[in-house]
file structure17.txt (compact mmCIF, C-alpha atoms)
# COMPACT_ATOMS: atom_id res chain seq x y z
CA MET A 1 -16.01 -67.01 -9.78
CA THR A 2 -16.57 -66.43 -6.11
CA VAL A 3 -13.89 -64.52 -4.25
CA GLY A 4 -14.95 -65.80 -0.84
CA VAL A 5 -15.45 -64.36 2.59
CA SER A 6 -11.75 -63.74 3.30
CA LYS A 7 -11.23 -61.56 0.24
CA PHE A 8 -14.53 -59.78 0.85
CA VAL A 9 -13.63 -58.94 4.46
CA ILE A 10 -10.08 -57.88 3.53
CA SER A 11 -11.50 -55.56 0.86
CA VAL A 12 -14.02 -54.00 3.27
CA ILE A 13 -11.21 -53.43 5.81
CA ILE A 14 -8.97 -51.82 3.17
CA ALA A 15 -11.78 -49.54 1.94
CA ASN A 16 -12.59 -48.42 5.48
CA ALA A 17 -8.92 -47.94 6.39
CA ILE A 18 -8.42 -45.69 3.37
CA ARG A 19 -11.53 -43.70 4.30
CA ILE A 20 -10.40 -43.32 7.91
CA LEU A 21 -6.98 -42.03 6.83
CA ARG A 22 -8.60 -39.07 5.03
CA PHE A 23 -5.39 -38.13 3.23
CA ILE A 24 -7.26 -36.39 0.39
CA PRO A 25 -10.57 -34.52 0.27
CA ASN A 26 -13.54 -36.65 -0.71
CA ASN A 27 -11.60 -39.76 0.27
CA ASP A 28 -13.91 -42.53 -0.91
CA PRO A 29 -12.49 -45.66 -2.58
CA ILE A 30 -15.79 -47.59 -2.47
CA MET A 31 -16.69 -46.95 -6.12
CA GLY A 32 -13.29 -48.08 -7.38
CA MET A 33 -13.34 -51.15 -5.17
CA MET A 34 -16.89 -52.23 -5.93
CA LEU A 35 -16.31 -52.39 -9.69
CA PRO A 36 -14.15 -55.57 -9.64
CA PHE A 37 -16.76 -57.20 -7.41
CA SER A 38 -19.43 -56.31 -9.99
CA LYS A 39 -17.26 -57.82 -12.72
CA GLN A 40 -16.26 -61.04 -10.94
CA GLU A 41 -18.88 -61.83 -8.36
CA LYS A 42 -22.42 -63.06 -8.00
CA ILE A 43 -25.16 -60.46 -8.02
CA TYR A 44 -25.69 -60.41 -4.26
CA VAL A 45 -21.96 -59.82 -3.56
CA SER A 46 -21.91 -57.00 -6.11
CA ILE A 47 -24.73 -55.36 -4.16
CA LEU A 48 -23.54 -56.23 -0.64
CA PHE A 49 -19.91 -55.11 -0.92
CA PRO A 50 -20.66 -51.37 -1.19
CA ILE A 51 -23.56 -51.59 1.27
CA ILE A 52 -21.54 -53.37 3.96
CA THR A 53 -18.55 -51.09 3.38
CA MET A 54 -20.68 -47.95 3.73
CA VAL A 55 -22.62 -49.15 6.76
CA SER A 56 -19.56 -50.51 8.56
CA PHE A 57 -17.69 -47.23 8.06
CA ASP A 58 -20.56 -45.21 9.48
CA LEU A 59 -20.80 -47.62 12.43
CA ILE A 60 -17.04 -47.32 13.08
CA THR A 61 -17.13 -43.51 12.91
CA GLY A 62 -20.40 -43.20 14.85
CA PHE A 63 -22.30 -41.43 12.10
CA ILE A 64 -25.01 -43.97 11.37
CA GLY A 65 -28.32 -42.46 10.32
CA MET A 66 -30.61 -41.69 7.41
CA TRP A 67 -27.60 -40.58 5.35
CA THR A 68 -26.15 -44.08 5.80
CA LEU A 69 -29.33 -45.66 4.46
CA LEU A 70 -29.42 -43.37 1.43
CA THR A 71 -25.75 -43.74 0.51
CA ALA A 72 -25.67 -47.50 1.14
CA ALA A 73 -28.83 -48.06 -0.92
CA THR A 74 -27.47 -45.90 -3.73
CA TYR A 75 -24.16 -47.78 -3.73
CA GLY A 76 -26.03 -51.10 -3.69
CA CYS A 77 -28.08 -50.05 -6.72
CA LEU A 78 -24.89 -49.03 -8.51
CA GLY A 79 -23.41 -52.46 -7.71
CA LEU A 80 -26.49 -53.99 -9.35
CA LEU A 81 -26.19 -51.69 -12.38
CA PHE A 82 -22.51 -52.50 -12.91
CA TYR A 83 -23.12 -56.21 -12.38
CA PHE A 84 -25.55 -56.26 -15.31
CA MET A 85 -23.36 -53.97 -17.43
CA TYR A 86 -20.25 -56.12 -16.94
CA LYS A 87 -22.00 -59.47 -17.42
CA ARG A 88 -22.67 -58.53 -21.04
CA MET A 89 -19.05 -57.59 -21.73
CA LYS A 90 -16.28 -59.95 -22.76
CA LYS A 91 -13.55 -57.72 -21.37
CA VAL A 92 -13.60 -55.07 -18.70
CA ASP A 93 -10.39 -53.07 -18.76
CA LEU A 94 -9.15 -49.99 -16.92
CA LYS A 95 -10.75 -47.65 -19.46
CA ARG A 96 -14.13 -49.32 -18.88
CA TYR A 97 -13.64 -49.09 -15.11
CA VAL A 98 -12.89 -45.35 -15.35
CA GLY A 99 -15.98 -44.78 -17.52
CA SER A 100 -18.08 -46.78 -15.05
CA GLY A 101 -16.65 -44.77 -12.16
CA ILE A 102 -17.56 -41.50 -13.85
CA LEU A 103 -21.10 -42.74 -14.51
CA GLY A 104 -21.34 -44.05 -10.95
CA VAL A 105 -20.20 -40.76 -9.40
CA LEU A 106 -22.67 -38.75 -11.49
CA ILE A 107 -25.55 -41.03 -10.45
CA PHE A 108 -24.42 -41.28 -6.81
CA ASP A 109 -23.91 -37.54 -6.36
CA PHE A 110 -27.20 -36.71 -8.08
CA VAL A 111 -29.19 -39.12 -5.92
CA THR A 112 -27.46 -38.40 -2.61
CA GLY A 113 -26.60 -34.72 -3.12
CA VAL A 114 -29.13 -33.12 -5.41
CA LEU A 115 -32.14 -35.27 -4.48
CA GLY A 116 -31.25 -36.45 -0.97
CA ALA A 117 -29.80 -33.32 0.59
CA PRO A 118 -32.96 -31.20 0.18
CA ILE A 119 -35.05 -33.91 1.82
CA MET A 120 -32.65 -34.53 4.71
CA PHE A 121 -31.24 -31.08 5.30
CA GLY A 122 -34.15 -28.81 4.31
CA MET A 123 -32.42 -26.94 1.51
CA THR A 124 -33.80 -26.13 -1.90
CA MET A 125 -32.91 -28.34 -4.85
CA GLU A 126 -31.23 -25.34 -6.50
CA MET A 127 -28.99 -24.84 -3.46
CA ALA A 128 -28.18 -28.53 -3.41
CA LEU A 129 -27.32 -28.53 -7.12
CA ILE A 130 -25.07 -25.46 -6.84
CA GLY A 131 -23.33 -26.86 -3.77
CA GLN A 132 -22.99 -30.27 -5.38
CA LEU A 133 -21.12 -29.10 -8.48
CA PRO A 134 -17.66 -28.51 -6.91
CA PHE A 135 -18.09 -31.61 -4.74
CA THR A 136 -18.90 -33.76 -7.79
CA LEU A 137 -15.92 -32.40 -9.74
CA LEU A 138 -13.63 -33.37 -6.86
CA HIS A 139 -15.44 -36.71 -6.48
CA LEU A 140 -14.86 -37.46 -10.18
CA LEU A 141 -11.16 -36.70 -9.78
CA THR A 142 -10.67 -38.81 -6.66
CA VAL A 143 -12.69 -41.77 -7.90
CA THR A 144 -10.75 -41.76 -11.17
CA GLY A 145 -7.51 -41.75 -9.17
CA TYR A 146 -8.68 -44.63 -7.00
CA ILE A 147 -9.77 -46.62 -10.05
CA ILE A 148 -6.38 -46.12 -11.73
CA ILE A 149 -4.43 -47.03 -8.58
CA ILE A 150 -6.55 -49.32 -6.38
CA THR A 151 -8.81 -51.20 -8.78
CA PRO A 152 -5.97 -53.06 -10.59
CA LEU A 153 -4.26 -53.79 -7.25
CA LEU A 154 -7.50 -55.14 -5.78
CA ASP A 155 -8.08 -57.26 -8.88
CA LYS A 156 -4.56 -58.70 -8.97
CA HIS A 157 -3.41 -58.91 -5.36
CA ILE A 158 -6.63 -59.68 -3.51
CA LEU A 159 -9.52 -60.92 -5.63
CA ASN A 160 -7.38 -63.12 -7.90
CA ASN A 161 -4.84 -64.11 -5.24
CA LYS A 162 -5.12 -67.86 -4.60
CA ASN A 163 -3.26 -67.48 -1.28
CA LEU A 164 -6.22 -65.51 0.07
CA ASP A 165 -8.81 -68.18 -0.77
CA ASP A 166 -10.96 -69.04 2.25
CA THR A 167 -9.55 -72.56 2.67
CA LYS A 168 -5.96 -71.31 2.74
CA VAL A 169 -6.74 -68.44 5.11
CA LEU A 170 -8.62 -70.76 7.47
CA ALA A 171 -5.79 -73.30 7.37
CA ARG A 172 -3.32 -70.56 8.32
CA LEU A 173 -5.55 -69.31 11.11
CA PHE A 174 -5.96 -72.78 12.56
CA SER A 175 -2.23 -73.45 12.29
CA PHE A 176 -1.57 -70.38 14.50
CA ARG A 177 -4.09 -71.59 17.03
CA LEU A 178 -2.61 -75.07 17.23
CA ALA A 179 1.03 -73.95 17.35
call {"tool": "encode", "arguments": {"input": "structure17.txt", "output": "structure tokens"}}
result
Amino acid sequence: MTVGVSKFVISVIIANAIRILRFIPNNDPIMGMMLPFSKQEKIYVSILFPIITMVSFDLITGFIGMWTLLTAATYGCLGLLFYFMYKRMKKVDLKRYVGSGILGVLIFDFVTGVLGAPIMFGMTMEMALIGQLPFTLLHLLTVTGYIIIITPLLDKHILNNKNLDDTKVLARLFSFRLA
């Protein structure tokens, strides 16, 4: 199944809008939103969704830099990991998504926080690990919340919504232009 450009773009916009709102600490829905792409999409989309979402957010907020490269690459690798995990499974349910999100957060925070922070910010690995622990606990909580709330909505109302297929969206766009 291919969700198409329209659904991809809508999902990137939603992820970035949620991140911009910053209504909770560690406000990052990318993990919860990339999982359905890894389940339903081709390998390159599974990798590109989190990369494009991360890079576009940093471009919008003006914080593009080495951190962007590290986080986007880490998210892309996680998209690849989950793509291969899900392709072997007959059913991927909410419980599986939550487990994947927990695994993803632990990998992401280890790579970006414990390994990346000392290289980029000149701190010791011990300092990075100690500082990362409360951040990772909060990250686990927020990602789990996003997976429980947003992942099923994304699956049902965007990725599997026939009204958002590219041909229908383009037809609607052209009908506005011609009217």
call {"tool": "closest_residue", "arguments": {"input": "structure17.txt", "among": "A:Met120, A:Ala128, A:Pro50, A:Lys156", "to": "A:Gly65", "atoms": "all atoms listed in the file"}}
result
A:Met120
call {"tool": "residues_around", "arguments": {"input": "structure17.txt", "residues": "A:Phe37", "least_positions_apart": "3", "cutoff": "9 Å", "atoms": "all atoms listed in the file", "output": "mmCIF file with C-alpha atoms, keeping the file's coordinate frame"}}
result
data_model
loop_
_atom_site.group_PDB
_atom_site.id
_atom_site.type_symbol
_atom_site.label_atom_id
_atom_site.label_comp_id
_atom_site.auth_asym_id
_atom_site.auth_seq_id
_atom_site.Cartn_x
_atom_site.Cartn_y
_atom_site.Cartn_z
ATOM 1 C CA VAL A 3 -13.890 -64.520 -4.250
ATOM 2 C CA PHE A 8 -14.530 -59.780 0.850
ATOM 3 C CA MET A 33 -13.340 -51.150 -5.170
ATOM 4 C CA MET A 34 -16.890 -52.230 -5.930
ATOM 5 C CA GLN A 40 -16.260 -61.040 -10.940
ATOM 6 C CA GLU A 41 -18.880 -61.830 -8.360
ATOM 7 C CA LYS A 42 -22.420 -63.060 -8.000
ATOM 8 C CA VAL A 45 -21.960 -59.820 -3.560
ATOM 9 C CA SER A 46 -21.910 -57.000 -6.110
ATOM 10 C CA ILE A 47 -24.730 -55.360 -4.160
ATOM 11 C CA PHE A 49 -19.910 -55.110 -0.920
ATOM 12 C CA GLY A 79 -23.410 -52.460 -7.710
ATOM 13 C CA TYR A 83 -23.120 -56.210 -12.380
ATOM 14 C CA ASP A 155 -8.080 -57.260 -8.880
ATOM 15 C CA LEU A 159 -9.520 -60.920 -5.630
#
call {"tool": "closest_residue", "arguments": {"input": "structure17.txt", "among": "A:Ile148, A:Val55, A:Leu173, A:Ile60", "to": "A:Ala17", "atoms": "all atoms listed in the file"}}
result
A:Ile60
call {"tool": "residues_around", "arguments": {"input": "structure17.txt", "residues": "A:Met125", "least_positions_apart": "3", "cutoff": "12 Å", "atoms": "all atoms listed in the file", "output": "number ranges by chain"}}
result
A: 110-122, 128-132
call {"tool": "atom_distance", "arguments": {"input": "structure17.txt", "atom1": "atom CA of A:Gly76", "atom2": "atom CA of A:Thr53"}}
result
10.3 Å
call {"tool": "closest_residue", "arguments": {"input": "structure17.txt", "among": "A:Tyr75, A:Tyr97, A:Tyr146, A:Phe135", "to": "A:Ile52", "atoms": "only C-alpha atoms"}}
result
A:Tyr75
call {"tool": "atom_distance", "arguments": {"input": "structure17.txt", "atom1": "atom CA of A:Tyr86", "atom2": "atom CA of A:Lys168"}}
result
28.7 Å
call {"tool": "residues_around", "arguments": {"input": "structure17.txt", "residues": "A:Met85", "least_positions_apart": "5", "cutoff": "9 Å", "atoms": "all atoms listed in the file", "output": "list in words"}}
result
Ser38, Lys39 and Leu80 of chain A
call {"tool": "atom_distance", "arguments": {"input": "structure17.txt", "atom1": "atom CA of A:Asp109", "atom2": "atom CA of A:Thr68"}}
result
14.0 Å
call {"tool": "axis_aligned_box", "arguments": {"input": "structure17.txt", "around": "stretch 47-51 of chain A", "padding_each_side": "6 Å", "output": "lines of an AutoDock Vina configuration file"}}
result
center_x = -22.3
center_y = -53.8
center_z = -1.4
size_x = 16.8
size_y = 16.9
size_z = 17.4
call {"tool": "closest_residue", "arguments": {"input": "structure17.txt", "among": "A:Leu133, A:Leu81, A:Leu170, A:Leu70", "to": "A:Tyr44", "atoms": "all atoms listed in the file"}}
result
A:Leu81
call {"tool": "residues_around", "arguments": {"input": "structure17.txt", "residues": "A:Leu138", "least_positions_apart": "5", "cutoff": "12 Å", "atoms": "all atoms listed in the file", "output": "ChimeraX atom specification"}}
result
/A:24-28,102,105-106,109,132-133,143-145
call {"tool": "closest_residue", "arguments": {"input": "structure17.txt", "among": "A:Val92, A:Ile20, A:Val169, A:Ile51", "to": "A:Pro152", "atoms": "all atoms listed in the file"}}
result
A:Val92
call {"tool": "closest_residue", "arguments": {"input": "structure17.txt", "among": "A:Thr74, A:Thr136, A:Asn161, A:Thr151", "to": "A:Asp93", "atoms": "only C-alpha atoms"}}
result
A:Thr151
call {"tool": "build_atoms", "arguments": {"input": "structure17.txt", "residues": "stretch 36-56 of chain A", "atoms": "N, CA and C atoms", "output": "short mmCIF file (atom, residue, chain, number, x, y, z; two decimals), in the frame of the given file"}}
result
data_model
loop_
_atom_site.label_atom_id
_atom_site.label_comp_id
_atom_site.auth_asym_id
_atom_site.auth_seq_id
_atom_site.Cartn_x
_atom_site.Cartn_y
_atom_site.Cartn_z
N PRO A 36 -14.61 -54.19 -9.41
CA PRO A 36 -14.15 -55.57 -9.64
C PRO A 36 -15.11 -56.61 -9.06
N PHE A 37 -15.76 -56.28 -7.95
CA PHE A 37 -16.76 -57.20 -7.41
C PHE A 37 -17.93 -57.35 -8.38
N SER A 38 -18.33 -56.24 -9.00
CA SER A 38 -19.43 -56.31 -9.99
C SER A 38 -19.02 -57.11 -11.21
N LYS A 39 -17.75 -57.07 -11.55
CA LYS A 39 -17.26 -57.82 -12.72
C LYS A 39 -17.14 -59.31 -12.41
N GLN A 40 -16.65 -59.66 -11.23
CA GLN A 40 -16.26 -61.04 -10.94
C GLN A 40 -17.25 -61.83 -10.09
N GLU A 41 -18.10 -61.16 -9.39
CA GLU A 41 -18.88 -61.83 -8.36
C GLU A 41 -20.33 -62.11 -8.75
N LYS A 42 -20.99 -62.83 -7.88
CA LYS A 42 -22.42 -63.06 -8.00
C LYS A 42 -23.15 -61.77 -7.70
N ILE A 43 -24.39 -61.70 -8.13
CA ILE A 43 -25.16 -60.46 -8.02
C ILE A 43 -25.26 -59.96 -6.58
N TYR A 44 -25.51 -60.86 -5.64
CA TYR A 44 -25.69 -60.41 -4.26
C TYR A 44 -24.40 -59.85 -3.66
N VAL A 45 -23.24 -60.35 -4.06
CA VAL A 45 -21.96 -59.82 -3.56
C VAL A 45 -21.71 -58.45 -4.18
N SER A 46 -22.05 -58.28 -5.43
CA SER A 46 -21.91 -57.00 -6.11
C SER A 46 -22.73 -55.91 -5.41
N ILE A 47 -23.86 -56.29 -4.88
CA ILE A 47 -24.73 -55.36 -4.16
C ILE A 47 -24.25 -55.18 -2.72
N LEU A 48 -23.88 -56.28 -2.07
CA LEU A 48 -23.54 -56.23 -0.64
C LEU A 48 -22.21 -55.57 -0.34
N PHE A 49 -21.22 -55.70 -1.24
CA PHE A 49 -19.91 -55.11 -0.92
C PHE A 49 -20.02 -53.61 -0.62
N PRO A 50 -20.60 -52.80 -1.51
CA PRO A 50 -20.66 -51.37 -1.19
C PRO A 50 -21.58 -51.06 -0.01
N ILE A 51 -22.65 -51.83 0.15
CA ILE A 51 -23.56 -51.59 1.27
C ILE A 51 -22.85 -51.85 2.59
N ILE A 52 -22.22 -53.01 2.71
CA ILE A 52 -21.54 -53.37 3.96
C ILE A 52 -20.38 -52.41 4.24
N THR A 53 -19.66 -52.02 3.20
CA THR A 53 -18.55 -51.09 3.38
C THR A 53 -19.06 -49.75 3.90
N MET A 54 -20.12 -49.24 3.31
CA MET A 54 -20.68 -47.95 3.73
C MET A 54 -21.23 -48.02 5.15
N VAL A 55 -22.01 -49.02 5.44
CA VAL A 55 -22.62 -49.15 6.76
C VAL A 55 -21.56 -49.38 7.84
N SER A 56 -20.59 -50.23 7.56
CA SER A 56 -19.56 -50.51 8.56
C SER A 56 -18.73 -49.26 8.85
#
